[in-house]
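**Q** There's a structure below that I have some questions on.
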Amino acid sequence: MSLYRIRAFDREADAASFRCGQALLDEYIHRYASQDVRRNVARVFIATPESDARQLAGFFTLSAGSVSCSDLPESLAKKLPRYPIPVALIGRLAVATEFQGKGLGSILLADACRKVAYASATLAVAGIVVDAKDAAATAFYRHFGFLNLPGQPARLLLPATAFRT
Ligand SMILES: CC(C)(COP(=O)(O)OP(=O)(O)OC[C@H]1O[C@@H](n2cnc3c(N)ncnc32)[C@H](O)[C@@H]1OP(=O)(O)O)[C@@H](O)C(=O)NCCC(=O)NCCS
């Protein structure tokens with residue numbers, strides 16, 4: 001049984017108390033997340049502990065995006081057409097400080113991949129892209145098989161073959 005529930009961002013969650021150690025990510029969930037949802041530029045999903053539907057333990061965002069074929073590693077690029085390649089974008093992913101190091105980051109990432117895999121039956125994507133905020137975040141994503149994009153140190157991609165069955 002999961003210790004967390006993941007649902008779309010709503011007013012019940014206490015976003016104002018969220019702190020993850022990255023001021024820009026905190027500011028995003030405090031000020032901009034609901035606006036992004038309203039404007040249809042991101043879907044925002046939150047995790048709360050089973051026992052408290054108000055406490056915001058973590059969140060991630062999903063949007064549609066594209067990458068140029070020339071930005072992909074050669075091994076992937078050679079299998080793809082030369083026009084812009086559709087991808088899903090995990091724009092932000094963060095776990096509240098008191099919940100870090102307990103597996104929630106991997107739960108959120110797995111849930112994001114599951115959602116993209118499901119959606120990609122209807123709207124094709126060739127991979128999932130993330131923009132890592134720092135070296136620790138890059139290491140976190142690499143741990144799960146994301147590949148660095150050449151010439152873009154902060155940008156990583158998980159090819160669709162890794163999350164589609
Ligand atoms: C990065 C972050 C999302 C990780 O979440 P977390 O809940 O602490 O991570 P988990 O406990 O789920 O760790 C999952 C796995 O990733 C590994 N991991 C976590 N942080 C890592 C890091 N910095 N480098 C390498 N591996 C890392 C863990 O060792 C663990 O491995 P295991 O499954 O083999 O045991 C979280 O620390 C965070 O929100 N940090 C601040 C905001 C941030 O940097 N977000 C990144 C988006 S740009």
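If you're wondering about the labels, chains in the structure tokens are A, B, ... by order shown, residues count from 1 in each chain, ligands from 1 in order shown.
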Please, which residues have at least one atom within 8 Å of an atom of ligand 1, using only C-alpha atoms and all ligand atoms, listed as number ranges by chain?
**A** A: 20-22, 25, 58, 91-97, 99-108, 130-144
**Q** As a PDB file with C-alpha atoms, in the first residue's frame, please: the residues near Pro84 (chain A) (cut-off 8 Å, only C-alpha atoms, same-chain neighbours under 2 positions excluded).
**A**
```pdb
ATOM      1  CA  SER A  66       9.713  19.365 -28.656  1.00  0.00           C
ATOM      2  CA  VAL A  67      13.443  19.002 -29.230  1.00  0.00           C
ATOM      3  CA  SER A  68      15.452  19.463 -32.351  1.00  0.00           C
ATOM      4  CA  CYS A  69      16.778  16.225 -33.773  1.00  0.00           C
ATOM      5  CA  ARG A  82      14.947  15.380 -39.151  1.00  0.00           C
ATOM      6  CA  PRO A  86       7.663  15.666 -29.879  1.00  0.00           C
TER       7      PRO A  86
END
```
**Q** Considering only C-alpha atoms, return as a ChimeraX atom specification whatever protein or nucleic-acid residues lie within 10 Å of Ile46 (chain A), sequence-local ones (same chain, fewer than 4 positions apart) excluded.
**A** /A:4-10,13,15,29,55-61,93-95,108
**Q** Write out the residues from the selection above, keeping N, CA and C atoms, as a PDB file, in the first residue's frame.
**A**
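So part26.pdb came out as:
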```
ATOM      1  N   TYR A   4       1.495   7.513   0.002  1.00  0.00           N
ATOM      2  CA  TYR A   4       1.130   8.820  -0.541  1.00  0.00           C
ATOM      3  C   TYR A   4      -0.046   8.683  -1.515  1.00  0.00           C
ATOM      4  N   ARG A   5      -0.763   9.773  -1.654  1.00  0.00           N
ATOM      5  CA  ARG A   5      -1.753   9.871  -2.725  1.00  0.00           C
ATOM      6  C   ARG A   5      -1.262  10.935  -3.707  1.00  0.00           C
ATOM      7  N   ILE A   6      -1.399  10.630  -5.004  1.00  0.00           N
ATOM      8  CA  ILE A   6      -1.009  11.618  -6.025  1.00  0.00           C
ATOM      9  C   ILE A   6      -2.273  12.065  -6.739  1.00  0.00           C
ATOM     10  N   ARG A   7      -2.442  13.376  -6.817  1.00  0.00           N
ATOM     11  CA  ARG A   7      -3.649  13.904  -7.471  1.00  0.00           C
ATOM     12  C   ARG A   7      -3.307  15.229  -8.147  1.00  0.00           C
ATOM     13  N   ALA A   8      -4.238  15.694  -8.971  1.00  0.00           N
ATOM     14  CA  ALA A   8      -4.039  17.004  -9.607  1.00  0.00           C
ATOM     15  C   ALA A   8      -4.023  18.075  -8.512  1.00  0.00           C
ATOM     16  N   PHE A   9      -3.183  19.089  -8.722  1.00  0.00           N
ATOM     17  CA  PHE A   9      -3.070  20.215  -7.779  1.00  0.00           C
ATOM     18  C   PHE A   9      -4.437  20.835  -7.544  1.00  0.00           C
ATOM     19  N   ASP A  10      -4.767  21.063  -6.274  1.00  0.00           N
ATOM     20  CA  ASP A  10      -6.060  21.691  -5.960  1.00  0.00           C
ATOM     21  C   ASP A  10      -5.887  22.642  -4.776  1.00  0.00           C
ATOM     22  N   ALA A  13      -4.684  21.537  -0.977  1.00  0.00           N
ATOM     23  CA  ALA A  13      -3.287  21.344  -0.582  1.00  0.00           C
ATOM     24  C   ALA A  13      -2.691  22.659  -0.066  1.00  0.00           C
ATOM     25  N   ALA A  15      -0.072  24.699  -0.306  1.00  0.00           N
ATOM     26  CA  ALA A  15       1.106  24.997  -1.134  1.00  0.00           C
ATOM     27  C   ALA A  15       2.025  26.007  -0.447  1.00  0.00           C
ATOM     28  N   ILE A  29       5.483  26.665  -6.898  1.00  0.00           N
ATOM     29  CA  ILE A  29       4.255  26.046  -6.366  1.00  0.00           C
ATOM     30  C   ILE A  29       3.452  27.062  -5.553  1.00  0.00           C
ATOM     31  N   GLN A  55      -1.203  18.246   3.440  1.00  0.00           N
ATOM     32  CA  GLN A  55       0.252  18.454   3.508  1.00  0.00           C
ATOM     33  C   GLN A  55       0.912  18.146   2.175  1.00  0.00           C
ATOM     34  N   LEU A  56       1.529  19.146   1.567  1.00  0.00           N
ATOM     35  CA  LEU A  56       2.122  18.951   0.241  1.00  0.00           C
ATOM     36  C   LEU A  56       3.539  18.378   0.385  1.00  0.00           C
ATOM     37  N   ALA A  57       3.694  17.100   0.050  1.00  0.00           N
ATOM     38  CA  ALA A  57       4.984  16.423   0.226  1.00  0.00           C
ATOM     39  C   ALA A  57       5.850  16.534  -1.027  1.00  0.00           C
ATOM     40  N   GLY A  58       5.232  16.672  -2.181  1.00  0.00           N
ATOM     41  CA  GLY A  58       5.996  16.781  -3.422  1.00  0.00           C
ATOM     42  C   GLY A  58       5.086  17.107  -4.584  1.00  0.00           C
ATOM     43  N   PHE A  59       5.697  17.501  -5.699  1.00  0.00           N
ATOM     44  CA  PHE A  59       4.890  17.807  -6.888  1.00  0.00           C
ATOM     45  C   PHE A  59       5.733  17.639  -8.138  1.00  0.00           C
ATOM     46  N   PHE A  60       5.045  17.511  -9.264  1.00  0.00           N
ATOM     47  CA  PHE A  60       5.724  17.584 -10.556  1.00  0.00           C
ATOM     48  C   PHE A  60       4.788  18.204 -11.567  1.00  0.00           C
ATOM     49  N   THR A  61       5.383  18.695 -12.670  1.00  0.00           N
ATOM     50  CA  THR A  61       4.570  19.270 -13.744  1.00  0.00           C
ATOM     51  C   THR A  61       4.829  18.504 -15.042  1.00  0.00           C
ATOM     52  N   LEU A  93      10.040  19.150 -10.705  1.00  0.00           N
ATOM     53  CA  LEU A  93       9.750  18.015  -9.817  1.00  0.00           C
ATOM     54  C   LEU A  93      10.477  18.302  -8.519  1.00  0.00           C
ATOM     55  N   ALA A  94       9.760  18.242  -7.408  1.00  0.00           N
ATOM     56  CA  ALA A  94      10.401  18.575  -6.125  1.00  0.00           C
ATOM     57  C   ALA A  94       9.732  17.833  -4.984  1.00  0.00           C
ATOM     58  N   VAL A  95      10.538  17.548  -3.983  1.00  0.00           N
ATOM     59  CA  VAL A  95      10.072  16.867  -2.774  1.00  0.00           C
ATOM     60  C   VAL A  95      10.360  17.794  -1.594  1.00  0.00           C
ATOM     61  N   LEU A 108       7.332   9.886  -7.519  1.00  0.00           N
ATOM     62  CA  LEU A 108       6.823  10.949  -8.400  1.00  0.00           C
ATOM     63  C   LEU A 108       7.305  10.749  -9.836  1.00  0.00           C
TER      64      LEU A 108
END
```
**Q** Kindly give the distance, in Å, that separates CA of Lys78 (chain A) and CA of Ala64 (chain A), rounded to a single decimal.
**A**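 Going from CA of Lys78 (chain A) over to CA of Ala64 (chain A), I get 22.5 Å.
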**Q** Nearest to Arg54 (chain A) among A:Ser17, A:Arg39, A:Ala23, A:Lys79, with distances taken over only C-alpha atoms: which residue is it?
**A** A:Ser17
**Q** If you run DSSP over the backbone, which residues in chain A end up helix (DSSP H, G or I)? Put them as a ChimeraX atom specification.
**A** /A:15-17,23-38,69-71,74-77,97-99,104-119,135-143,160-162
**Q** Determine which residues of chain A DSSP labels as strand (DSSP E or B) from the backbone of this structure, then write them out as a PyMOL selection string.
**A** chain A and resi 4-8+43-49+58-67+85-90+93-95+127-131+147-149+152-159
